[in-house]
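Enquirer: Sharing structure_9.cif (mmCIF, C-alpha atoms) below.
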```cif
data_run
#
loop_
_atom_site.label_atom_id
_atom_site.label_comp_id
_atom_site.auth_asym_id
_atom_site.auth_seq_id
_atom_site.Cartn_x
_atom_site.Cartn_y
_atom_site.Cartn_z
CA MET Z 17 26.73 69.04 -83.57
CA ASN Z 18 23.63 69.15 -81.37
CA SER Z 19 21.75 66.12 -82.59
CA THR Z 20 21.58 62.91 -80.64
CA LYS Z 21 20.09 60.91 -83.49
CA ASP Z 22 20.84 60.25 -87.14
CA ARG Z 23 19.39 62.81 -89.52
CA VAL Z 24 19.00 63.17 -93.26
CA GLY Z 25 18.89 66.51 -95.00
CA LEU Z 26 19.43 68.23 -98.30
CA GLY Z 27 21.71 70.80 -99.85
CA LEU Z 28 19.81 74.08 -100.29
CA ARG Z 29 19.91 75.26 -103.89
CA PRO Z 30 17.89 78.16 -105.32
CA ASP Z 31 16.19 75.96 -107.93
CA LEU Z 32 15.07 73.51 -105.24
CA ALA Z 33 14.06 76.05 -102.63
CA ALA Z 34 10.35 76.29 -103.28
CA SER Z 35 9.95 72.51 -103.28
CA ILE Z 36 12.11 72.17 -100.19
CA PHE Z 37 9.92 74.53 -98.21
CA GLU Z 38 6.81 72.63 -99.20
CA HIS Z 39 8.38 69.45 -97.79
CA LEU Z 40 10.22 70.62 -94.67
CA ASP Z 41 8.56 67.87 -92.63
CA TYR Z 42 10.58 65.29 -94.54
CA ILE Z 43 13.93 67.10 -94.24
CA ASP Z 44 15.90 67.17 -90.99
CA LEU Z 45 18.52 69.75 -91.93
CA LEU Z 46 19.62 72.03 -94.77
CA GLU Z 47 23.18 72.57 -95.91
CA VAL Z 48 23.96 76.03 -97.28
CA ILE Z 49 26.97 76.85 -99.46
CA ALA Z 50 28.74 79.42 -97.29
CA ASP Z 51 30.69 81.08 -100.11
CA ASP Z 52 27.42 82.09 -101.81
CA PHE Z 53 26.73 84.37 -98.83
CA PHE Z 54 30.19 85.84 -98.24
CA ASP Z 55 29.32 88.99 -100.16
CA SER Z 56 25.57 88.89 -99.74
CA THR Z 57 23.41 91.84 -98.82
CA ARG Z 58 22.08 92.38 -95.32
CA ARG Z 59 18.61 91.38 -96.49
CA GLU Z 60 19.94 88.10 -97.87
CA ARG Z 61 21.70 87.43 -94.58
CA ARG Z 62 18.51 88.17 -92.69
CA ALA Z 63 16.71 85.64 -94.85
CA LEU Z 64 19.38 83.08 -94.04
CA ASN Z 65 19.06 83.83 -90.32
CA THR Z 66 15.32 83.38 -90.54
CA LEU Z 67 15.90 80.07 -92.26
CA SER Z 68 18.25 78.87 -89.53
CA SER Z 69 15.61 79.67 -86.92
CA GLN Z 70 13.15 77.37 -88.71
CA ILE Z 71 15.31 74.34 -89.47
CA PRO Z 72 18.83 73.24 -88.50
CA VAL Z 73 21.38 74.66 -90.92
CA ALA Z 74 24.96 73.68 -91.69
CA LEU Z 75 27.39 75.91 -93.55
CA HIS Z 76 29.52 74.29 -96.23
CA GLY Z 77 32.60 76.09 -97.52
CA VAL Z 78 34.09 75.40 -100.93
CA GLY Z 79 36.75 78.05 -101.43
CA LEU Z 80 39.16 78.14 -98.49
CA GLY Z 81 41.62 75.58 -99.84
CA LEU Z 82 42.71 74.35 -96.44
CA ALA Z 83 44.75 71.33 -97.58
CA SER Z 84 47.42 73.46 -99.17
CA CYS Z 85 51.03 74.35 -98.52
CA GLU Z 86 49.92 77.97 -98.90
CA THR Z 87 48.51 79.71 -95.86
CA VAL Z 88 44.74 80.08 -96.03
CA GLN Z 89 43.67 83.62 -96.92
CA THR Z 90 42.75 85.76 -93.91
CA LYS Z 91 40.07 87.68 -95.81
CA LEU Z 92 38.23 84.46 -96.65
CA LEU Z 93 38.48 83.16 -93.10
CA ASP Z 94 37.17 86.48 -91.88
CA LYS Z 95 34.15 86.18 -94.19
CA MET Z 96 33.49 82.64 -92.97
CA ALA Z 97 33.83 83.76 -89.35
CA ARG Z 98 31.38 86.63 -89.81
CA LEU Z 99 28.84 84.40 -91.56
CA PHE Z 100 29.20 81.77 -88.86
CA ASP Z 101 28.60 84.39 -86.16
CA GLU Z 102 25.48 85.65 -87.88
CA VAL Z 103 23.90 82.34 -88.85
CA ARG Z 104 25.02 80.22 -85.86
CA PRO Z 105 24.83 76.97 -87.84
CA GLU Z 106 24.96 73.57 -86.17
CA PHE Z 107 28.36 73.04 -87.74
CA TRP Z 108 30.49 74.13 -90.66
CA SER Z 109 32.54 72.10 -93.07
CA GLU Z 110 35.20 72.49 -95.74
CA HIS Z 111 37.23 70.28 -98.07
CA LEU Z 112 40.57 68.52 -97.93
CA ALA Z 113 41.64 70.26 -101.11
CA PHE Z 114 43.65 73.10 -102.55
CA VAL Z 115 41.84 75.55 -104.80
CA ARG Z 116 44.58 78.07 -105.61
CA ALA Z 117 48.36 78.24 -105.74
CA GLY Z 118 50.87 80.84 -106.80
CA GLY Z 119 48.09 83.32 -107.51
CA LEU Z 120 46.23 80.93 -109.82
CA GLU Z 121 42.59 80.13 -109.05
CA ILE Z 122 41.80 76.57 -110.08
CA GLY Z 123 38.09 77.22 -109.76
CA HIS Z 124 37.29 74.02 -107.96
CA LEU Z 125 38.57 71.48 -105.48
CA ALA Z 126 41.90 69.90 -106.43
CA ALA Z 127 43.75 67.10 -104.69
CA PRO Z 128 47.23 68.13 -103.50
CA PRO Z 129 50.17 65.73 -103.40
CA ARG Z 130 49.57 63.67 -100.24
CA THR Z 131 52.77 64.17 -98.28
CA SER Z 132 53.83 64.79 -94.70
CA GLN Z 133 54.56 68.43 -95.56
CA ASN Z 134 51.02 68.81 -96.84
CA VAL Z 135 49.61 67.17 -93.69
CA GLU Z 136 51.51 69.68 -91.53
CA ALA Z 137 50.46 72.64 -93.64
CA ALA Z 138 46.82 71.51 -93.71
CA ALA Z 139 46.83 71.07 -89.92
CA GLU Z 140 48.19 74.60 -89.50
CA ASN Z 141 45.51 75.98 -91.81
CA LEU Z 142 42.84 74.08 -89.92
CA CYS Z 143 44.06 75.40 -86.57
CA ARG Z 144 43.97 78.91 -87.97
CA ALA Z 145 40.49 78.41 -89.42
CA SER Z 146 39.17 76.90 -86.19
CA SER Z 147 40.60 79.76 -84.19
CA MET Z 148 39.20 82.52 -86.40
CA VAL Z 149 35.76 80.96 -86.90
CA GLY Z 150 35.54 79.78 -83.31
CA SER Z 151 34.56 76.25 -84.27
CA LYS Z 152 36.40 73.36 -85.88
CA PRO Z 153 35.19 72.47 -89.36
CA LEU Z 154 34.23 68.98 -90.42
CA MET Z 155 36.64 68.10 -93.21
CA GLU Z 156 35.44 66.46 -96.42
CA ASN Z 157 37.33 64.05 -98.66
CA ILE Z 158 37.14 65.11 -102.31
CA ALA Z 159 36.67 63.32 -105.62
CA THR Z 160 39.61 63.62 -107.98
CA LEU Z 161 39.89 62.56 -111.61
CA VAL Z 162 43.68 62.63 -111.40
CA ASP Z 163 45.55 60.79 -108.67
CA PRO Z 164 47.84 63.52 -107.29
CA PRO Z 165 51.45 62.87 -108.35
CA GLY Z 166 54.21 62.90 -105.78
CA SER Z 167 52.03 61.36 -103.07
CA ALA Z 168 53.63 59.44 -100.22
CA PHE Z 169 50.33 58.61 -98.46
CA SER Z 170 47.33 56.60 -99.62
CA GLU Z 171 44.15 58.69 -99.59
CA PRO Z 172 42.69 57.18 -96.39
CA ALA Z 173 46.05 57.46 -94.61
CA TRP Z 174 46.37 61.11 -95.66
CA VAL Z 175 42.80 61.96 -94.60
CA SER Z 176 43.33 60.21 -91.25
CA ALA Z 177 46.67 61.95 -90.68
CA ILE Z 178 45.19 65.42 -91.18
CA LEU Z 179 42.14 64.71 -88.98
CA GLU Z 180 44.49 63.45 -86.28
CA ALA Z 181 47.01 66.29 -86.60
CA ALA Z 182 44.31 68.97 -86.45
CA ASP Z 183 42.02 67.03 -84.09
CA CYS Z 184 39.12 67.58 -86.48
CA ASN Z 185 36.15 65.41 -87.38
CA SER Z 186 35.09 64.30 -90.82
CA LEU Z 187 32.36 64.96 -93.33
CA LEU Z 188 32.67 61.77 -95.32
CA ASP Z 189 31.52 62.08 -98.92
CA LEU Z 190 30.55 58.57 -99.92
CA HIS Z 191 30.15 59.28 -103.63
CA ASN Z 192 33.66 60.72 -103.63
CA VAL Z 193 34.90 57.52 -102.01
CA HIS Z 194 32.97 55.47 -104.59
CA ALA Z 195 34.26 57.56 -107.53
CA ASN Z 196 37.89 57.57 -106.41
CA ALA Z 197 37.74 53.83 -105.74
CA LEU Z 198 36.48 53.19 -109.27
CA ASN Z 199 38.84 55.67 -110.91
CA HIS Z 200 41.99 54.80 -109.01
CA GLY Z 201 41.49 51.09 -108.46
CA TYR Z 202 40.82 50.48 -104.80
CA ASP Z 203 38.02 48.98 -102.75
CA ALA Z 204 35.62 51.55 -101.30
CA MET Z 205 34.66 49.31 -98.36
CA GLU Z 206 38.36 48.94 -97.51
CA PHE Z 207 38.68 52.74 -97.57
CA LEU Z 208 36.00 52.95 -94.87
CA LYS Z 209 37.94 50.50 -92.71
CA GLN Z 210 41.06 52.65 -92.97
CA ILE Z 211 39.61 55.92 -91.74
CA PRO Z 212 38.72 56.53 -88.07
CA SER Z 213 34.95 55.93 -87.92
CA SER Z 214 34.87 57.67 -84.53
CA ARG Z 215 35.67 60.96 -86.31
CA VAL Z 216 32.86 60.73 -88.86
CA ARG Z 217 30.02 63.09 -87.97
CA ALA Z 218 28.43 63.94 -91.32
CA ILE Z 219 27.99 62.24 -94.68
CA HIS Z 220 27.44 63.48 -98.22
CA ILE Z 221 25.63 61.33 -100.73
CA ALA Z 222 25.33 62.22 -104.40
CA GLY Z 223 25.44 60.80 -107.90
CA GLY Z 224 27.61 61.07 -110.98
CA LYS Z 225 28.09 59.71 -114.47
CA LEU Z 226 30.59 57.63 -116.38
CA ILE Z 227 32.75 59.55 -118.85
CA THR Z 228 35.34 58.42 -121.35
CA ALA Z 229 38.91 59.64 -120.92
CA PRO Z 230 41.16 60.53 -123.89
CA ASP Z 231 42.89 57.16 -123.53
CA GLY Z 232 39.57 55.33 -123.92
CA THR Z 233 39.27 54.35 -120.27
CA THR Z 234 36.08 55.04 -118.34
CA ARG Z 235 35.97 57.28 -115.26
CA LEU Z 236 33.22 58.21 -112.87
CA LEU Z 237 32.60 61.96 -112.72
CA ASP Z 238 31.17 63.25 -109.41
CA ASP Z 239 28.82 65.78 -110.99
CA HIS Z 240 25.92 65.81 -108.49
CA LEU Z 241 23.53 65.74 -111.45
CA HIS Z 242 22.33 62.16 -111.06
CA ASP Z 243 20.56 59.98 -108.51
CA VAL Z 244 22.55 58.34 -105.74
CA PRO Z 245 23.74 54.94 -107.01
CA ASP Z 246 23.26 51.68 -105.07
CA PRO Z 247 26.91 51.30 -103.97
CA VAL Z 248 26.72 54.63 -102.13
CA PHE Z 249 23.74 53.42 -100.09
CA ASP Z 250 25.72 50.25 -99.32
CA LEU Z 251 28.61 52.41 -98.08
CA LEU Z 252 26.17 54.43 -95.97
CA GLU Z 253 24.90 51.26 -94.29
CA GLU Z 254 28.50 50.21 -93.67
CA ILE Z 255 29.57 53.48 -92.03
CA ALA Z 256 26.39 53.48 -89.91
CA ALA Z 257 27.35 49.99 -88.75
CA CYS Z 258 30.80 51.26 -87.68
CA SER Z 259 30.21 54.79 -86.42
CA PRO Z 260 29.64 55.25 -82.68
CA TYR Z 261 28.18 58.76 -83.11
CA PRO Z 262 24.97 60.14 -84.64
CA LEU Z 263 25.38 60.91 -88.31
CA THR Z 264 24.01 63.79 -90.34
CA VAL Z 265 23.52 62.73 -93.96
CA ILE Z 266 23.12 65.37 -96.66
CA LEU Z 267 21.92 64.65 -100.18
CA GLU Z 268 23.72 66.89 -102.67
CA ARG Z 269 22.07 67.74 -105.97
CA ASP Z 270 23.44 70.58 -108.10
CA GLY Z 271 21.34 70.43 -111.26
CA ALA Z 272 19.19 68.33 -113.61
CA TYR Z 273 16.72 68.45 -110.76
CA PRO Z 274 14.16 65.65 -110.68
CA PRO Z 275 10.67 66.09 -109.22
CA MET Z 276 10.83 66.52 -105.44
CA PRO Z 277 9.31 63.07 -104.72
CA GLN Z 278 12.36 61.53 -106.43
CA LEU Z 279 14.72 63.42 -104.10
CA LEU Z 280 12.58 62.58 -101.08
CA ALA Z 281 12.71 58.92 -102.07
CA GLN Z 282 16.51 59.09 -101.95
CA ILE Z 283 16.34 60.76 -98.54
CA GLN Z 284 14.03 57.98 -97.35
CA ARG Z 285 16.36 55.35 -98.79
CA ALA Z 286 19.26 56.95 -96.90
CA ARG Z 287 17.22 56.65 -93.69
CA LEU Z 288 16.67 52.95 -94.37
CA SER Z 289 20.40 52.42 -95.02
CA LEU Z 290 21.17 54.15 -91.73
CA GLU Z 291 18.64 51.99 -89.91
CA ARG Z 292 20.10 48.80 -91.36
CA GLY Z 293 23.60 49.89 -90.39
CA ARG Z 294 22.52 50.82 -86.87
CA ALA Z 295 20.80 47.46 -86.44
CA ARG Z 296 24.07 45.77 -87.36
CA HIS Z 297 25.94 48.06 -84.95
CA THR Z 298 23.56 47.14 -82.11
CA ALA Z 299 23.86 43.42 -82.90
CA THR Z 300 27.65 43.68 -82.84
CA GLN Z 301 27.61 45.52 -79.51
CA LYS Z 302 25.34 42.84 -78.02
CA ARG Z 303 27.67 40.08 -79.22
CA LEU Z 304 30.63 41.84 -77.64
CA SER Z 305 28.96 42.50 -74.27
CA MET T 28 57.83 67.23 -101.58
CA SER T 29 54.42 68.91 -101.92
CA THR T 30 56.00 72.32 -101.81
CA SER T 31 54.23 75.47 -102.83
CA ALA T 32 56.14 75.28 -106.12
CA PHE T 33 54.73 71.82 -106.82
CA GLU T 34 51.17 72.90 -106.03
CA THR T 35 51.64 75.99 -108.20
CA PHE T 36 52.86 73.83 -111.06
CA LEU T 37 49.83 71.54 -110.74
CA ALA T 38 47.51 74.56 -110.62
CA ARG T 39 49.15 75.94 -113.78
CA ILE T 40 48.75 72.76 -115.82
CA TYR T 41 45.15 72.49 -114.60
CA VAL T 42 44.11 75.99 -115.65
CA ASP T 43 46.46 76.95 -118.52
CA SER T 44 46.00 74.86 -121.66
CA ASN T 45 49.20 76.29 -123.21
CA ALA T 46 51.25 75.31 -120.16
CA ARG T 47 49.62 71.89 -120.26
CA ALA T 48 50.51 71.49 -123.94
CA ARG T 49 54.13 72.51 -123.28
CA PHE T 50 54.27 70.09 -120.36
CA LYS T 51 52.96 67.25 -122.53
CA ALA T 52 55.45 68.06 -125.29
CA ASP T 53 58.46 68.27 -122.98
CA PRO T 54 57.63 67.36 -119.37
CA VAL T 55 61.20 67.65 -118.03
CA ALA T 56 61.83 71.08 -119.51
CA GLU T 57 58.50 72.51 -118.35
CA ALA T 58 58.81 71.11 -114.82
CA SER T 59 62.45 72.21 -114.46
CA HIS T 60 61.59 75.65 -115.81
CA ALA T 61 58.94 75.95 -113.07
CA GLY T 62 61.61 75.38 -110.45
CA LEU T 63 60.59 71.89 -109.36
CA SER T 64 63.24 69.84 -107.59
CA PRO T 65 64.62 66.70 -109.27
CA ASP T 66 62.38 64.57 -107.01
CA GLU T 67 59.35 66.66 -107.92
CA CYS T 68 60.24 66.45 -111.61
CA ALA T 69 60.48 62.66 -111.34
CA ALA T 70 57.11 62.55 -109.55
CA ILE T 71 55.28 64.77 -112.02
CA MET T 72 56.45 62.59 -114.95
CA LYS T 73 54.29 59.79 -113.49
CA ILE T 74 51.10 61.81 -113.71
CA ASP T 75 48.01 60.11 -115.12
CA TRP T 76 47.83 62.00 -118.42
CA ALA T 77 44.24 61.03 -119.21
CA GLY T 78 43.18 61.97 -115.68
CA LEU T 79 44.99 65.29 -116.02
CA GLU T 80 43.09 66.13 -119.18
CA LEU T 81 39.73 65.19 -117.65
CA ALA T 82 40.47 67.12 -114.47
CA ALA T 83 41.49 70.21 -116.47
CA ARG T 84 38.23 70.03 -118.46
CA SER T 85 36.21 69.62 -115.28
CA PHE T 86 37.91 72.60 -113.60
CA ALA T 87 37.34 74.74 -116.72
CA LYS T 88 33.63 73.90 -116.65
CA LYS T 89 33.42 74.85 -113.00
CA ARG T 90 35.18 78.18 -113.63
CA HIS T 91 32.79 78.99 -116.48
CA ALA T 92 29.80 78.02 -114.35
CA LYS T 93 31.07 80.31 -111.60
CA VAL T 94 31.30 83.24 -113.99
CA ARG T 95 27.76 82.55 -115.24
CA SER T 96 26.45 82.37 -111.68
CA LEU T 97 27.71 85.89 -111.01
CA ARG T 98 25.53 87.37 -113.74
CA PRO T 99 22.93 89.74 -112.31
CA SER T 100 19.94 87.81 -113.62
CA LEU T 101 20.76 84.72 -111.61
CA ARG T 102 21.70 86.75 -108.56
CA ALA T 103 18.34 88.44 -108.79
CA ARG T 104 16.69 85.06 -109.02
CA VAL T 105 18.48 83.90 -105.86
CA GLN T 106 17.44 87.04 -104.04
CA GLY T 107 13.87 86.59 -105.20
CA PHE T 108 13.84 83.07 -103.90
CA PHE T 109 14.93 84.12 -100.45
CA TYR T 110 12.35 86.81 -100.19
CA SER T 111 9.62 84.42 -101.27
CA MET T 112 10.97 81.92 -98.77
CA LEU T 113 10.74 84.47 -96.01
CA GLY T 114 7.11 85.03 -96.83
CA PHE T 115 6.47 81.31 -96.77
CA LEU T 116 8.09 80.81 -93.41
CA ARG T 117 6.28 83.67 -91.77
#
```
If you convert what's in this file into structure tokens, what do you get?

Expert:
Amino acid sequence: MNSTKDRVGLGLRPDLAASIFEHLDYIDLLEVIADDFFDSTRRERRALNTLSSQIPVALHGVGLGLASCETVQTKLLDKMARLFDEVRPEFWSEHLAFVRAGGLEIGHLAAPPRTSQNVEAAAENLCRASSMVGSKPLMENIATLVDPPGSAFSEPAWVSAILEAADCNSLLDLHNVHANALNHGYDAMEFLKQIPSSRVRAIHIAGGKLITAPDGTTRLLDDHLHDVPDPVFDLLEEIAACSPYPLTVILERDGAYPPMPQLLAQIQRARLSLERGRARHTATQKRLS
Amino acid sequence: MSTSAFETFLARIYVDSNARARFKADPVAEASHAGLSPDECAAIMKIDWAGLELAARSFAKKRHAKVRSLRPSLRARVQGFFYSMLGFLR
């Protein structure tokens, strides 16, 4: 991470690209889904390199499955390492999730049972990934509609244990915190107090929608198809008030794209939340000195 | 706990609707058949059934979306975007 100040950026998606490039002055950084470029052509890679020379870029992996008892696949790590070498992003990130097991591809990020064995295995996978890529990934907490059975750790304790064991920093997804808190009955602000704020370097913000489960209960689905809700901006202010390091905030939007001014308004609102949090941080430091 | 066998079992009931149906009908038999330990069997019985169903649906949607995204037309669109972007930046 090269930045010495808070920044707010956007996830690069093909449908948003044209609008993004018309508004680069308002965007501090772009996050690129790494897996989309693992098997890309040389020309596509060149385009990505050109992009990274124009604006800071972060690579975001979705398919390694690092928080698994299974050893992370060498061929995938090799692809990530080669892409990292070519693009030279500011940082790369992945998820605290498993995505495959026993030869079965789940197709998305799944929460493993949160146990000490899983913490050890995840730390080993992270060491391996860091070694092959040549840089430690920021690790992201995921949203899960099902609380993983057989868990011995709370989610914040499990996240903290892996970050500590692997000596990695965090990409904190605040909508995932918000969704899991609603779906599994805990307080999102308390979650923030239980993770090491000194390890948080990047933030995801996004939106979702309420869905009805077969038992008639309501759950929040983290679909990235809706605007960022108010509680997520409140969480952003809170983490900015606690974090001692500059934060890179990335707005994720994966579809149902609104007009660009609507996305830029959310980016601007994120900046205001950061500023409010930093003002509180400064006031606290002054009181303590 | 959290062995590879447990993760494999979770993956199976997430992606295979028949396995999920068998698990719902007779959780002990399905979990034991998959080689889960008694502790793991006891743990999996406490799963949030409604959450499991929603998660399975969500994963299925993601898998289908992934297949769609690999179709040549979309890939071509992505390529086109990058080339237009290059022109814009230069």

Enquirer: Between atom CA of Glu206 of chain Z and atom CA of Leu142 of chain Z, what distance in Å does the model show, to one decimal?

Expert: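 Interatomic distance, atom CA of Glu206 of chain Z to atom CA of Leu142 of chain Z: 26.6 Å.
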
Enquirer: Can you measure atom CA of Gly62 of chain T to atom CA of Leu161 of chain Z for me? One decimal in Å is fine.

Expert: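 Going from atom CA of Gly62 of chain T over to atom CA of Leu161 of chain Z covers 25.2 Å.
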
Enquirer: Taking the file as I've supplied it (selection: the PyMOL selection byres ((chain T) within 6 of (chain Z))), which residues are included? Please answer as a tab-separated table (two decimals) with C-alpha atoms, in the coordinates of the input.

Expert:
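Contents of result_33.tsv, freshly written:
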```
chain	number	residue	atom	x	y	z
T	29	SER	CA	54.42	68.91	-101.92
T	31	SER	CA	54.23	75.47	-102.83
T	35	THR	CA	51.64	75.99	-108.20
T	70	ALA	CA	57.11	62.55	-109.55
T	71	ILE	CA	55.28	64.77	-112.02
T	74	ILE	CA	51.10	61.81	-113.71
T	77	ALA	CA	44.24	61.03	-119.21
T	78	GLY	CA	43.18	61.97	-115.68
T	79	LEU	CA	44.99	65.29	-116.02
T	82	ALA	CA	40.47	67.12	-114.47
T	86	PHE	CA	37.91	72.60	-113.60
T	90	ARG	CA	35.18	78.18	-113.63
T	105	VAL	CA	18.48	83.90	-105.86
```

Enquirer: One number please: atom CA of Leu179 of chain Z to atom CA of Leu45 of chain Z, in Å, one decimal.

Expert: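 Rounded to one decimal, the two atoms are 24.3 Å apart.
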
Enquirer: Identify which of the residues Z:Pro247, Z:Gly77, Z:Pro260, Z:Gly271 lies closest to Ala286 of chain Z, counting all atoms listed in the file when measuring atom-to-atom distances.

Expert: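 Of the candidates, the smallest distance to Ala286 of chain Z is held by Z:Pro247.
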
Enquirer: Can you work out which one of Z:Leu252, Z:Val244, Z:Leu93, Z:Leu46 has the shortest atom-to-atom distance to Ala204 of chain Z, counting all atoms listed in the file?

Expert: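 Using all atoms listed in the file, the shortest distance to Ala204 of chain Z belongs to Z:Leu252.
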
Enquirer: How would you write, as a list in words, the residues chosen by the PyMOL selection byres ((chain Z and resi 97-105) around 7) on this structure?

Expert: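 When the PyMOL selection byres ((chain Z and resi 97-105) around 7) is applied, the selected residues are Phe54, Leu64, Asn65, Ser68, Val73, Ala74, Leu75, Leu93, Asp94, Lys95, Met96, Glu106, Phe107, Trp108, Met148 and Val149 of chain Z.
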
Enquirer: Quick one: residues within 6 Å of Ser259 of chain Z, only C-alpha atoms, excluding same-chain residues fewer than 3 positions away - as a PyMOL selection string?

Expert: chain Z and resi 213-214+255-256

Enquirer: Considering all atoms listed in the file, state which residue in the set Z:Leu154, Z:Ile219, Z:Leu40, Z:Ala83 is at the smallest distance from Glu34 of chain T.

Expert: Z:Ala83

Enquirer: Tell me which of T:Ala83, T:Lys73, T:Asp43, T:Thr30 sits closest to Val55 of chain T, counting all atoms listed in the file.

Expert: T:Lys73

Enquirer: Once the PyMOL selection byres ((chain Z and resi 217) around 9) has been evaluated on this model, what residues remain selected, and can you format them as a PyMOL selection string?

Expert: chain Z and resi 17+154+185-188+213-216+218-219+259+261-265

Enquirer: Which one is closest to Asp238 of chain Z: T:Ser44, T:Asp53, T:Ser85, T:Ala92? Count only C-alpha atoms.

Expert: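 For Asp238 of chain Z, the nearest of the candidates is T:Ser85.
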
Enquirer: Generate the coordinates of N, CA and C atoms for segment 50-62 of chain T; report them as a compact mmCIF listing (two decimals), keeping the file's coordinate frame.

Expert:
```txt
# COMPACT_ATOMS: atom_id res chain seq x y z
N PHE T 50 53.89 71.16 -121.29
CA PHE T 50 54.27 70.09 -120.36
C PHE T 50 54.18 68.72 -121.05
N LYS T 51 53.12 68.54 -121.84
CA LYS T 51 52.96 67.25 -122.53
C LYS T 51 54.07 67.05 -123.55
N ALA T 52 54.43 68.15 -124.23
CA ALA T 52 55.45 68.06 -125.29
C ALA T 52 56.83 67.80 -124.70
N ASP T 53 57.13 68.44 -123.58
CA ASP T 53 58.46 68.27 -122.98
C ASP T 53 58.34 68.40 -121.46
N PRO T 54 57.92 67.30 -120.81
CA PRO T 54 57.63 67.36 -119.37
C PRO T 54 58.83 67.82 -118.54
N VAL T 55 60.02 67.32 -118.85
CA VAL T 55 61.20 67.65 -118.03
C VAL T 55 61.49 69.15 -118.11
N ALA T 56 61.49 69.66 -119.32
CA ALA T 56 61.83 71.08 -119.51
C ALA T 56 60.82 71.98 -118.79
N GLU T 57 59.52 71.66 -118.94
CA GLU T 57 58.50 72.51 -118.35
C GLU T 57 58.56 72.46 -116.81
N ALA T 58 58.76 71.26 -116.28
CA ALA T 58 58.81 71.11 -114.82
C ALA T 58 60.07 71.78 -114.25
N SER T 59 61.20 71.59 -114.93
CA SER T 59 62.45 72.21 -114.46
C SER T 59 62.34 73.73 -114.53
N HIS T 60 61.76 74.21 -115.62
CA HIS T 60 61.59 75.65 -115.81
C HIS T 60 60.75 76.25 -114.68
N ALA T 61 59.81 75.46 -114.15
CA ALA T 61 58.94 75.95 -113.07
C ALA T 61 59.63 75.89 -111.72
N GLY T 62 60.85 75.39 -111.70
CA GLY T 62 61.61 75.38 -110.45
C GLY T 62 61.36 74.16 -109.57
```
